[in-house]
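Participant: Sending over a structure as structure tokens; questions will come in a sec.
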Amino acid sequence: MKNVSALYDNYDDAKAAVKTLEDAGVPSDHISIVSRKDGKQEVEGQGNNAAEGAGTGAGIGAVAGGAGGLLAGLGMLAIPGIGPVVAAGWLAAAAAGAVAGAVVGGAAGGIVGALIKAGIPEKDAEVYAEALRRGGSVVIAKVEDDKAVTSQTILNNVRPVILEDRREKYAAEGWSRFDETADPYTSDQIAAEQRRYRIDPRV
């Protein structure tokens, strides 16, 4: 099995990527999505599935039982430095576990640690986490080796963030790494980020 992943500025793009992966035959319980909830997003299936999945060690998608796909199992949790997120799948359970018991501030702790354990290189995991803080969404899928290229292409066809470009933009502001102790972005700050990158949340 290999992991494929992408970062999106727009929740709807991340949602479209999940649905396209499912349509291509990737099982729902092999896919994860984590998206910053800004207080204005409308997402399907919100509930306490995230807490249930984390408590049992099961992926959030597994809690949904596959009925309606991964997005039917979205739940909510709070991640230090990021704030409230909607999430589903095995990464959501890992993130919830990291919130509950990981060593905060270490490379192997918190959301960055959960991303690293999911196969994301540390320097990319830092950007993923910072982008989540600023209103982004992450999609990760575990796929068979012979489906990795096709699955990554699916993710790449839905307007993903170019990580190196985003890292450079963050660095130009003085950013160097994700800070779990920082205040989460407010709805207004997230809206400003969307304007900055010309993101239309309705698209």
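The way I read the labels, and the way they are meant: chains A, B, ... in the order of the structure tokens, residue 1 as the first residue of every chain, and ligand 1 as the first ligand shown, with later ones counted on from there.
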Residues within 6 Å of segment 19-35 of chain A, please, as a PyMOL selection string. Count only C-alpha atoms; anything in the same chain fewer than 3 positions from it doesn't count.
Facilitator: chain A and resi 16+61-62+69-70+85-91+137-142
Participant: For N, CA and C atoms, I'd like the residues from the last selection saved as an mmCIF file, in the first residue's frame.
Facilitator:
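Resulting contents of result08.cif:
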data_model
loop_
_atom_site.group_PDB
_atom_site.id
_atom_site.type_symbol
_atom_site.label_atom_id
_atom_site.label_comp_id
_atom_site.auth_asym_id
_atom_site.auth_seq_id
_atom_site.Cartn_x
_atom_site.Cartn_y
_atom_site.Cartn_z
ATOM 1 N N ALA A 16 -14.599 17.173 -3.506
ATOM 2 C CA ALA A 16 -14.655 16.628 -4.866
ATOM 3 C C ALA A 16 -13.569 15.578 -5.078
ATOM 4 N N GLY A 61 -14.340 7.035 8.826
ATOM 5 C CA GLY A 61 -15.083 6.471 7.710
ATOM 6 C C GLY A 61 -15.636 5.108 8.048
ATOM 7 N N ALA A 62 -14.893 4.338 8.840
ATOM 8 C CA ALA A 62 -15.362 3.021 9.237
ATOM 9 C C ALA A 62 -16.599 3.135 10.118
ATOM 10 N N GLY A 69 -20.693 6.937 1.643
ATOM 11 C CA GLY A 69 -19.294 7.279 1.421
ATOM 12 C C GLY A 69 -18.664 7.937 2.630
ATOM 13 N N LEU A 70 -17.395 8.279 2.477
ATOM 14 C CA LEU A 70 -16.616 8.838 3.578
ATOM 15 C C LEU A 70 -17.251 10.098 4.154
ATOM 16 N N VAL A 85 -12.085 21.471 13.446
ATOM 17 C CA VAL A 85 -12.018 20.912 12.101
ATOM 18 C C VAL A 85 -13.156 19.925 11.928
ATOM 19 N N VAL A 86 -13.537 19.723 10.669
ATOM 20 C CA VAL A 86 -14.398 18.602 10.330
ATOM 21 C C VAL A 86 -13.484 17.554 9.726
ATOM 22 N N ALA A 87 -13.710 16.294 10.074
ATOM 23 C CA ALA A 87 -12.769 15.261 9.668
ATOM 24 C C ALA A 87 -13.473 13.920 9.539
ATOM 25 N N ALA A 88 -12.893 13.066 8.709
ATOM 26 C CA ALA A 88 -13.384 11.700 8.562
ATOM 27 C C ALA A 88 -12.227 10.824 8.122
ATOM 28 N N GLY A 89 -12.253 9.567 8.558
ATOM 29 C CA GLY A 89 -11.238 8.614 8.122
ATOM 30 C C GLY A 89 -10.166 8.370 9.165
ATOM 31 N N TRP A 90 -9.219 7.515 8.806
ATOM 32 C CA TRP A 90 -8.193 7.068 9.749
ATOM 33 C C TRP A 90 -7.274 8.187 10.207
ATOM 34 N N LEU A 91 -7.020 9.188 9.359
ATOM 35 C CA LEU A 91 -6.184 10.304 9.795
ATOM 36 C C LEU A 91 -6.884 11.119 10.872
ATOM 37 N N SER A 137 -7.664 22.297 3.642
ATOM 38 C CA SER A 137 -8.159 20.921 3.783
ATOM 39 C C SER A 137 -7.101 19.956 3.277
ATOM 40 N N VAL A 138 -6.981 18.813 3.942
ATOM 41 C CA VAL A 138 -6.030 17.778 3.554
ATOM 42 C C VAL A 138 -6.792 16.508 3.224
ATOM 43 N N VAL A 139 -6.425 15.873 2.110
ATOM 44 C CA VAL A 139 -6.976 14.574 1.737
ATOM 45 C C VAL A 139 -5.815 13.595 1.603
ATOM 46 N N ILE A 140 -5.926 12.456 2.264
ATOM 47 C CA ILE A 140 -4.909 11.404 2.183
ATOM 48 C C ILE A 140 -5.623 10.081 1.947
ATOM 49 N N ALA A 141 -5.059 9.248 1.073
ATOM 50 C CA ALA A 141 -5.652 7.939 0.812
ATOM 51 C C ALA A 141 -4.582 6.860 0.811
ATOM 52 N N LYS A 142 -4.939 5.694 1.350
ATOM 53 C CA LYS A 142 -4.095 4.510 1.271
ATOM 54 C C LYS A 142 -4.581 3.698 0.077
#
Participant: From segment 67-182 of chain A, collect each residue whose DSSP state is strand (DSSP E) and return the set as JSON, numbers by chain.
Facilitator: {"A": [75, 76, 77, 78, 79, 83, 84, 85, 86, 87, 88, 137, 138, 139, 140, 141, 142, 143]}
Participant: Quick one: distance from atom CA of Ala129 of chain A to atom CA of Gly81 of chain A in Å, one decimal?
Facilitator: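 Pair atom CA of Ala129 of chain A / atom CA of Gly81 of chain A returns 8.9 Å.
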Participant: What's around Tyr8 of chain A at 8 Å? Count only C-alpha atoms, leave out sequence neighbours fewer than 4 positions away in its own chain, and write the answer as a ChimeraX atom specification.
Facilitator: /A:13-14,136-138,159-161
Participant: Could those selected residues go to a file with N, CA and C atoms, as a JSON list (two decimals), in the first residue's frame?
Facilitator:
[["chain", "number", "residue", "atom", "x", "y", "z"],
["A", 13, "ASP", "N", -13.19, 21.64, -3.02],
["A", 13, "ASP", "CA", -12.23, 20.92, -3.86],
["A", 13, "ASP", "C", -11.82, 19.61, -3.18],
["A", 14, "ALA", "N", -11.56, 19.67, -1.88],
["A", 14, "ALA", "CA", -11.19, 18.47, -1.14],
["A", 14, "ALA", "C", -12.32, 17.45, -1.18],
["A", 136, "GLY", "N", -7.43, 25.57, 5.28],
["A", 136, "GLY", "CA", -7.26, 24.58, 4.24],
["A", 136, "GLY", "C", -7.85, 23.23, 4.58],
["A", 137, "SER", "N", -7.66, 22.30, 3.64],
["A", 137, "SER", "CA", -8.16, 20.92, 3.78],
["A", 137, "SER", "C", -7.10, 19.96, 3.28],
["A", 138, "VAL", "N", -6.98, 18.81, 3.94],
["A", 138, "VAL", "CA", -6.03, 17.78, 3.55],
["A", 138, "VAL", "C", -6.79, 16.51, 3.22],
["A", 159, "ARG", "N", -7.36, 21.12, -8.34],
["A", 159, "ARG", "CA", -6.81, 22.39, -7.84],
["A", 159, "ARG", "C", -6.10, 22.29, -6.50],
["A", 160, "PRO", "N", -5.12, 21.40, -6.37],
["A", 160, "PRO", "CA", -4.38, 21.33, -5.11],
["A", 160, "PRO", "C", -3.43, 22.50, -4.95],
["A", 161, "VAL", "N", -3.01, 22.74, -3.73],
["A", 161, "VAL", "CA", -1.98, 23.73, -3.44],
["A", 161, "VAL", "C", -0.63, 23.18, -3.89]]
Participant: I'd like the interatomic distance between atom CA of Arg196 of chain A and atom CA of Ala182 of chain A, to a tenth of an Å.
Facilitator: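 Taking atom CA of Arg196 of chain A and atom CA of Ala182 of chain A, their separation equals 20.8 Å.
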Participant: I'd like the contact shell of Lys37 of chain A - 12 Å cut-off, only C-alpha atoms, skipping same-chain residues fewer than 4 positions apart - returned as a PyMOL selection string.
Facilitator: chain A and resi 10-11+41-43+46+74-79+82-87+132-137+184-187+190-191
Participant: With only C-alpha atoms as the atoms that count, which of A:Asp9, A:Ala171, A:Ala131, A:Pro80 lies nearest to Gln194 of chain A?
Facilitator: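 Closest to Gln194 of chain A, using only C-alpha atoms: A:Asp9.
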Participant: With distances taken over only C-alpha atoms, which of A:Ala72, A:Leu7, A:Ile154, A:Ala172 is nearest to Leu115 of chain A?
Facilitator: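 Nearest candidate to Leu115 of chain A out of A:Ala72, A:Leu7, A:Ile154, A:Ala172: A:Leu7.
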Participant: Between atom CA of Lys117 of chain A and atom CA of Phe178 of chain A, what is the spacing in Å?
Facilitator: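 Spanning atom CA of Phe178 of chain A to atom CA of Lys117 of chain A is a straight-line distance of 16.4 Å.
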Participant: Nearest to Ile111 of chain A among A:Leu71, A:Val149, A:Ala17, A:Ala125, with distances taken over only C-alpha atoms: which residue is it?
Facilitator: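 The shortest atom-to-atom distance to Ile111 of chain A comes from A:Ala125.
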